[in-house]
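Trainee: Before we start, here is the structure in question, set down as structure tokens.
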Amino acid sequence: MSRVVQIINSIISSCTYIIYNDTKEEVWLVDCGDVRPIINNISKGYSLRGVLLTHTHYDHCYGLNSLLDYYPAMKVYTNSFGLKALQSPKLNLSRYHEEIPSFVINETSSIEDFSKIADPSLKIIPTPGHDPSCLSFIVDKFLFTGDSYIPGSKVITTFPNSNRRDAFMSIDIIKKYEADDYIIYPGHFVEKG
């Protein structure tokens, strides 16, 4: 059984999640924002399997270069559009924001297509719409949706590469899991009221 630690990042309250597999003493990260809390929350003796990107907008990946300084062998998983976006401030939207400098990943050899993940405990679901790079991840009964689905919020589909029709189809897929009692971990912090 896995356990999850949520980190609320300083930029746009995006979330990073640490998924612990205590049996194997390893962790997966979902998205990568502020690095210091990640380092402080990874238990000693645990290995980092890699970073699963829900999508490649800068607020979900801006900490990757700093994290690669700590874990140089770390792999970053995304899809084919995400592979391009991690190397383009225009596609990852960092060039349009002042919170951080334009972002590109320094170590392109660290980027892998999600299809190369060999972990039977992890299920990957393409959930495009908000962005073509959107992926959702399932571990046990935990569903990490990024910005493809944030309970109580509308999916933003006004970015240059967004697609409303795809977003609605992705939401339908995610809601089936939610109806089956999966716990949703969205890409941004939401007050529970």
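Identifiers in the structure tokens: chain A, B, ... in order shown; residue index from 1 per chain; ligand index from 1 in order shown.
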Show me a table, sorted first by chain and then by increasing residue number, of the residues of stretch 116-141 of chain A having an atom at most 7 Å from stretch 44-56 of chain A, each with its shortest atom pair and the distance in Å to one decimal, counting only C-alpha atoms and written as a Markdown table.

Mentor:
| residue | atom | partner | partner_atom | distance |
| --- | --- | --- | --- | --- |
| A:Asp131 | CA | A:His55 | CA | 7.0 |
| A:Ser133 | CA | A:His55 | CA | 4.9 |
| A:Cys134 | CA | A:His55 | CA | 4.4 |
| A:Leu135 | CA | A:Thr54 | CA | 4.8 |
| A:Ser136 | CA | A:Thr54 | CA | 5.9 |

Trainee: Env of stretch 17-24 of chain A: 10 Å cut, atoms = only C-alpha atoms, seq-sep filter 6 positions within chain, self excluded. Answer as JSON, numbers by chain.

Mentor: {"A": [1, 2, 3, 4, 5, 6, 7, 8, 30, 31, 32, 33, 38, 41, 42, 43, 46, 47, 48, 51, 52, 121, 139, 142, 144, 185, 186, 187]}

Trainee: Determine, counting only C-alpha atoms, which protein, DNA and RNA residues have an atom within 6 Å of an atom of A:Phe137; residues of the same chain fewer than 2 positions away are not included. Present the result as a list in words.

Mentor: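 In the requested form, the answer reads Lys123, Ile124, Leu143 and Phe144 of chain A.
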
Trainee: DSSP on the backbone: what in stretch 44-126 of chain A comes out alpha helix (DSSP H), as a ChimeraX atom specification?

Mentor: /A:64-70,80-85

Trainee: Can you list, as a PyMOL selection string, every protein, DNA or RNA residue that comes within 8 Å of stretch 81-85 of chain A when you count only C-alpha atoms, leaving out same-chain residues fewer than 6 positions away?

Mentor: chain A and resi 55-57+91-92+111-113+132-133

Trainee: Stretch 59-166 of chain A near stretch 170-179 of chain A within 10 Å: what's each residue's closest atom pair and its distance in Å to one decimal, counting only C-alpha atoms, ordered by chain then ascending residue number, as JSON lines?

Mentor:
{"residue": "A:Ile125", "atom": "CA", "partner": "A:Ile173", "partner_atom": "CA", "distance": 9.0}
{"residue": "A:Pro126", "atom": "CA", "partner": "A:Ser170", "partner_atom": "CA", "distance": 7.9}
{"residue": "A:Thr127", "atom": "CA", "partner": "A:Ser170", "partner_atom": "CA", "distance": 4.8}
{"residue": "A:Pro128", "atom": "CA", "partner": "A:Ser170", "partner_atom": "CA", "distance": 6.4}
{"residue": "A:Gly129", "atom": "CA", "partner": "A:Ser170", "partner_atom": "CA", "distance": 7.1}
{"residue": "A:His130", "atom": "CA", "partner": "A:Ser170", "partner_atom": "CA", "distance": 9.4}
{"residue": "A:Cys134", "atom": "CA", "partner": "A:Ser170", "partner_atom": "CA", "distance": 9.5}
{"residue": "A:Leu135", "atom": "CA", "partner": "A:Ser170", "partner_atom": "CA", "distance": 9.6}
{"residue": "A:Ser136", "atom": "CA", "partner": "A:Ile174", "partner_atom": "CA", "distance": 8.5}
{"residue": "A:Ile138", "atom": "CA", "partner": "A:Tyr177", "partner_atom": "CA", "distance": 9.7}
{"residue": "A:Lys141", "atom": "CA", "partner": "A:Tyr177", "partner_atom": "CA", "distance": 8.9}
{"residue": "A:Phe142", "atom": "CA", "partner": "A:Tyr177", "partner_atom": "CA", "distance": 9.5}
{"residue": "A:Leu143", "atom": "CA", "partner": "A:Tyr177", "partner_atom": "CA", "distance": 7.9}
{"residue": "A:Phe144", "atom": "CA", "partner": "A:Ile174", "partner_atom": "CA", "distance": 9.7}
{"residue": "A:Thr145", "atom": "CA", "partner": "A:Ile174", "partner_atom": "CA", "distance": 7.8}
{"residue": "A:Ser148", "atom": "CA", "partner": "A:Ile171", "partner_atom": "CA", "distance": 6.9}
{"residue": "A:Tyr149", "atom": "CA", "partner": "A:Ile171", "partner_atom": "CA", "distance": 6.2}
{"residue": "A:Ile150", "atom": "CA", "partner": "A:Ile171", "partner_atom": "CA", "distance": 9.5}
{"residue": "A:Pro151", "atom": "CA", "partner": "A:Lys175", "partner_atom": "CA", "distance": 9.8}
{"residue": "A:Val155", "atom": "CA", "partner": "A:Ile171", "partner_atom": "CA", "distance": 8.7}
{"residue": "A:Arg164", "atom": "CA", "partner": "A:Ser170", "partner_atom": "CA", "distance": 9.8}
{"residue": "A:Arg165", "atom": "CA", "partner": "A:Ser170", "partner_atom": "CA", "distance": 8.7}
{"residue": "A:Asp166", "atom": "CA", "partner": "A:Ser170", "partner_atom": "CA", "distance": 6.1}

Trainee: Could you take the residues named above and write them with C-alpha atoms, as a short mmCIF file (atom, residue, chain, number, x, y, z; two decimals), in the first residue's frame?

Mentor:
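Here's the written file part-v5.cif:
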data_model
loop_
_atom_site.label_atom_id
_atom_site.label_comp_id
_atom_site.auth_asym_id
_atom_site.auth_seq_id
_atom_site.Cartn_x
_atom_site.Cartn_y
_atom_site.Cartn_z
CA ILE A 125 -3.96 7.58 -18.49
CA PRO A 126 -3.60 10.21 -21.23
CA THR A 127 -5.97 13.05 -20.25
CA PRO A 128 -5.39 15.83 -22.81
CA GLY A 129 -7.45 18.98 -23.10
CA HIS A 130 -5.90 21.50 -20.73
CA CYS A 134 -1.63 16.02 -19.82
CA LEU A 135 -1.34 12.61 -18.18
CA SER A 136 -3.04 11.23 -15.08
CA ILE A 138 -3.05 5.88 -10.72
CA LYS A 141 -6.78 4.03 -5.27
CA PHE A 142 -5.00 7.38 -5.71
CA LEU A 143 -5.57 9.33 -8.94
CA PHE A 144 -3.23 12.22 -9.74
CA THR A 145 -4.99 14.41 -12.29
CA SER A 148 -7.04 17.84 -16.24
CA TYR A 149 -9.49 17.78 -13.34
CA ILE A 150 -9.57 19.96 -10.23
CA PRO A 151 -12.73 19.25 -8.23
CA VAL A 155 -10.68 23.03 -16.63
CA ARG A 164 -12.13 21.81 -25.02
CA ARG A 165 -13.49 18.63 -26.59
CA ASP A 166 -10.49 16.62 -25.39
#

Trainee: Select, from A:Thr157, A:Val76, A:Asp140, A:Asn163, the residue with the minimum atom-to-atom distance to A:Asp181, counting only C-alpha atoms.

Mentor: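 Distance minimum relative to A:Asp181 lands on A:Asp140.
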
Trainee: Would you compute the distance between atom CA of A:Tyr58 and atom CA of A:Ser94? Give it in Å to one decimal.

Mentor: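 Spanning atom CA of A:Tyr58 to atom CA of A:Ser94 is a straight-line distance of 5.4 Å.
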
Trainee: Given the choices A:Phe168, A:Tyr62, A:Leu67, A:Tyr182, which gets closest to A:Ile11 if the distance is worked out from only C-alpha atoms?

Mentor: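 Answer, going by the shortest atom-to-atom distance: A:Tyr62.
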
Trainee: Atom CA of A:Leu64 and atom CA of A:Ile105, how far apart in Å?

Mentor: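 Computed distance, atom CA of A:Ile105 to atom CA of A:Leu64, equals 6.9 Å.
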
Trainee: If you run DSSP on the backbone, which residues of chain A are strand (DSSP E), as a PyMOL selection string?

Mentor: chain A and resi 2-8+15-21+26-30+47-52+76-78+111-113+122-126+135-139+142-146+183-186

Trainee: Given the selection you just returned, output its residues as a file containing N, CA and C atoms, formatted as a CSV table (one decimal), in the first residue's frame.

Mentor:
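See again-v7.csv below for the written result:
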chain,number,residue,atom,x,y,z
A,2,SER,N,0.5,2.2,-0.8
A,2,SER,CA,1.3,3.4,-0.9
A,2,SER,C,0.7,4.5,0.0
A,3,ARG,N,1.5,5.5,0.3
A,3,ARG,CA,1.0,6.7,1.0
A,3,ARG,C,1.5,7.9,0.3
A,4,VAL,N,0.8,9.0,0.5
A,4,VAL,CA,1.1,10.2,-0.3
A,4,VAL,C,1.3,11.4,0.6
A,5,VAL,N,2.3,12.2,0.2
A,5,VAL,CA,2.6,13.5,0.9
A,5,VAL,C,2.4,14.6,-0.1
A,6,GLN,N,1.6,15.6,0.2
A,6,GLN,CA,1.3,16.7,-0.6
A,6,GLN,C,2.2,17.9,-0.3
A,7,ILE,N,2.8,18.5,-1.3
A,7,ILE,CA,3.5,19.8,-1.1
A,7,ILE,C,2.8,20.9,-1.9
A,8,ILE,N,2.5,22.0,-1.2
A,8,ILE,CA,1.8,23.1,-1.9
A,8,ILE,C,3.0,24.1,-2.3
A,15,CYS,N,0.7,21.8,-6.9
A,15,CYS,CA,1.0,20.8,-6.0
A,15,CYS,C,2.1,19.8,-6.5
A,16,THR,N,2.9,19.4,-5.6
A,16,THR,CA,3.8,18.3,-5.9
A,16,THR,C,3.4,17.2,-4.9
A,17,TYR,N,3.4,15.9,-5.4
A,17,TYR,CA,3.1,14.8,-4.5
A,17,TYR,C,4.2,13.8,-4.5
A,18,ILE,N,4.5,13.3,-3.3
A,18,ILE,CA,5.5,12.3,-3.1
A,18,ILE,C,4.7,11.0,-2.8
A,19,ILE,N,4.8,10.0,-3.7
A,19,ILE,CA,4.2,8.7,-3.5
A,19,ILE,C,5.2,7.7,-2.9
A,20,TYR,N,4.9,7.3,-1.7
A,20,TYR,CA,5.8,6.4,-1.0
A,20,TYR,C,5.4,5.0,-1.2
A,21,ASN,N,6.4,4.1,-1.6
A,21,ASN,CA,6.2,2.7,-1.5
A,21,ASN,C,7.1,2.2,-0.4
A,26,GLU,N,11.0,3.2,-1.9
A,26,GLU,CA,11.2,4.1,-3.0
A,26,GLU,C,10.0,5.1,-3.2
A,27,VAL,N,10.3,6.1,-3.9
A,27,VAL,CA,9.2,7.1,-4.1
A,27,VAL,C,9.2,7.5,-5.6
A,28,TRP,N,7.9,7.9,-5.9
A,28,TRP,CA,7.7,8.6,-7.2
A,28,TRP,C,7.3,10.0,-6.8
A,29,LEU,N,7.7,11.0,-7.6
A,29,LEU,CA,7.2,12.4,-7.5
A,29,LEU,C,6.2,12.6,-8.6
A,30,VAL,N,5.1,13.3,-8.3
A,30,VAL,CA,4.2,13.7,-9.3
A,30,VAL,C,4.3,15.3,-9.3
A,47,SER,N,14.8,5.5,-2.4
A,47,SER,CA,15.3,6.0,-3.7
A,47,SER,C,14.2,6.6,-4.5
A,48,LEU,N,14.6,7.6,-5.3
A,48,LEU,CA,13.6,8.3,-6.2
A,48,LEU,C,13.5,7.6,-7.5
A,49,ARG,N,12.4,7.0,-7.8
A,49,ARG,CA,12.2,6.3,-9.1
A,49,ARG,C,12.1,7.3,-10.2
A,50,GLY,N,11.5,8.5,-10.0
A,50,GLY,CA,11.5,9.4,-11.1
A,50,GLY,C,10.4,10.4,-10.9
A,51,VAL,N,10.2,11.4,-11.8
A,51,VAL,CA,9.2,12.4,-11.7
A,51,VAL,C,8.2,12.1,-12.8
A,52,LEU,N,6.9,12.0,-12.4
A,52,LEU,CA,5.8,11.9,-13.3
A,52,LEU,C,5.2,13.2,-13.5
A,76,VAL,N,12.6,11.8,-15.8
A,76,VAL,CA,11.4,12.7,-15.9
A,76,VAL,C,10.5,12.1,-17.0
A,77,TYR,N,9.3,11.8,-16.6
A,77,TYR,CA,8.4,11.1,-17.6
A,77,TYR,C,7.3,12.0,-18.0
A,78,THR,N,7.1,12.0,-19.3
A,78,THR,CA,6.0,12.8,-20.0
A,78,THR,C,5.7,12.1,-21.3
A,111,ILE,N,15.0,13.1,-19.8
A,111,ILE,CA,13.5,13.0,-20.1
A,111,ILE,C,13.3,11.7,-20.8
A,112,GLU,N,12.2,11.0,-20.4
A,112,GLU,CA,11.8,9.7,-21.0
A,112,GLU,C,10.3,9.8,-21.4
A,113,ASP,N,10.0,9.1,-22.4
A,113,ASP,CA,8.5,8.9,-22.8
A,113,ASP,C,7.9,8.0,-21.7
A,122,LEU,N,1.8,1.1,-11.3
A,122,LEU,CA,1.5,2.5,-11.8
A,122,LEU,C,0.7,2.4,-13.1
A,123,LYS,N,-0.4,3.0,-13.2
A,123,LYS,CA,-1.2,3.1,-14.4
A,123,LYS,C,-1.2,4.5,-14.9
A,124,ILE,N,-1.0,4.7,-16.2
A,124,ILE,CA,-1.0,6.0,-16.8
A,124,ILE,C,-2.1,6.1,-17.8
A,125,ILE,N,-2.8,7.3,-17.6
A,125,ILE,CA,-4.0,7.6,-18.5
A,125,ILE,C,-3.7,8.9,-19.2
A,126,PRO,N,-3.7,8.9,-20.5
A,126,PRO,CA,-3.6,10.2,-21.2
A,126,PRO,C,-4.9,11.0,-21.0
A,135,LEU,N,-1.3,14.0,-18.6
A,135,LEU,CA,-1.3,12.6,-18.2
A,135,LEU,C,-1.9,12.5,-16.8
A,136,SER,N,-2.6,11.5,-16.5
A,136,SER,CA,-3.0,11.2,-15.1
A,136,SER,C,-2.4,9.9,-14.7
A,137,PHE,N,-2.2,9.8,-13.4
A,137,PHE,CA,-1.5,8.6,-12.9
A,137,PHE,C,-2.3,8.0,-11.7
A,138,ILE,N,-2.3,6.6,-11.8
A,138,ILE,CA,-3.0,5.9,-10.7
A,138,ILE,C,-2.0,5.0,-10.0
A,139,VAL,N,-2.1,5.1,-8.7
A,139,VAL,CA,-1.3,4.2,-7.8
A,139,VAL,C,-2.3,3.8,-6.7
A,142,PHE,N,-5.3,6.0,-5.6
A,142,PHE,CA,-5.0,7.4,-5.7
A,142,PHE,C,-4.9,7.8,-7.2
A,143,LEU,N,-5.6,8.9,-7.6
A,143,LEU,CA,-5.6,9.3,-8.9
A,143,LEU,C,-5.0,10.8,-9.0
A,144,PHE,N,-3.9,10.9,-9.6
A,144,PHE,CA,-3.2,12.2,-9.7
A,144,PHE,C,-3.6,12.8,-11.1
A,145,THR,N,-4.4,13.9,-11.1
A,145,THR,CA,-5.0,14.4,-12.3
A,145,THR,C,-4.4,15.7,-12.8
A,146,GLY,N,-3.4,16.3,-12.1
A,146,GLY,CA,-2.9,17.5,-12.6
A,146,GLY,C,-4.0,18.6,-12.8
A,183,ILE,N,-9.3,8.4,-4.8
A,183,ILE,CA,-9.0,9.7,-4.2
A,183,ILE,C,-8.3,10.5,-5.2
A,184,ILE,N,-8.9,11.7,-5.5
A,184,ILE,CA,-8.3,12.6,-6.5
A,184,ILE,C,-7.3,13.5,-5.8
A,185,TYR,N,-6.1,13.6,-6.5
A,185,TYR,CA,-5.1,14.5,-6.1
A,185,TYR,C,-4.8,15.5,-7.3
A,186,PRO,N,-5.4,16.7,-7.2
A,186,PRO,CA,-5.3,17.6,-8.4
A,186,PRO,C,-4.0,18.4,-8.4
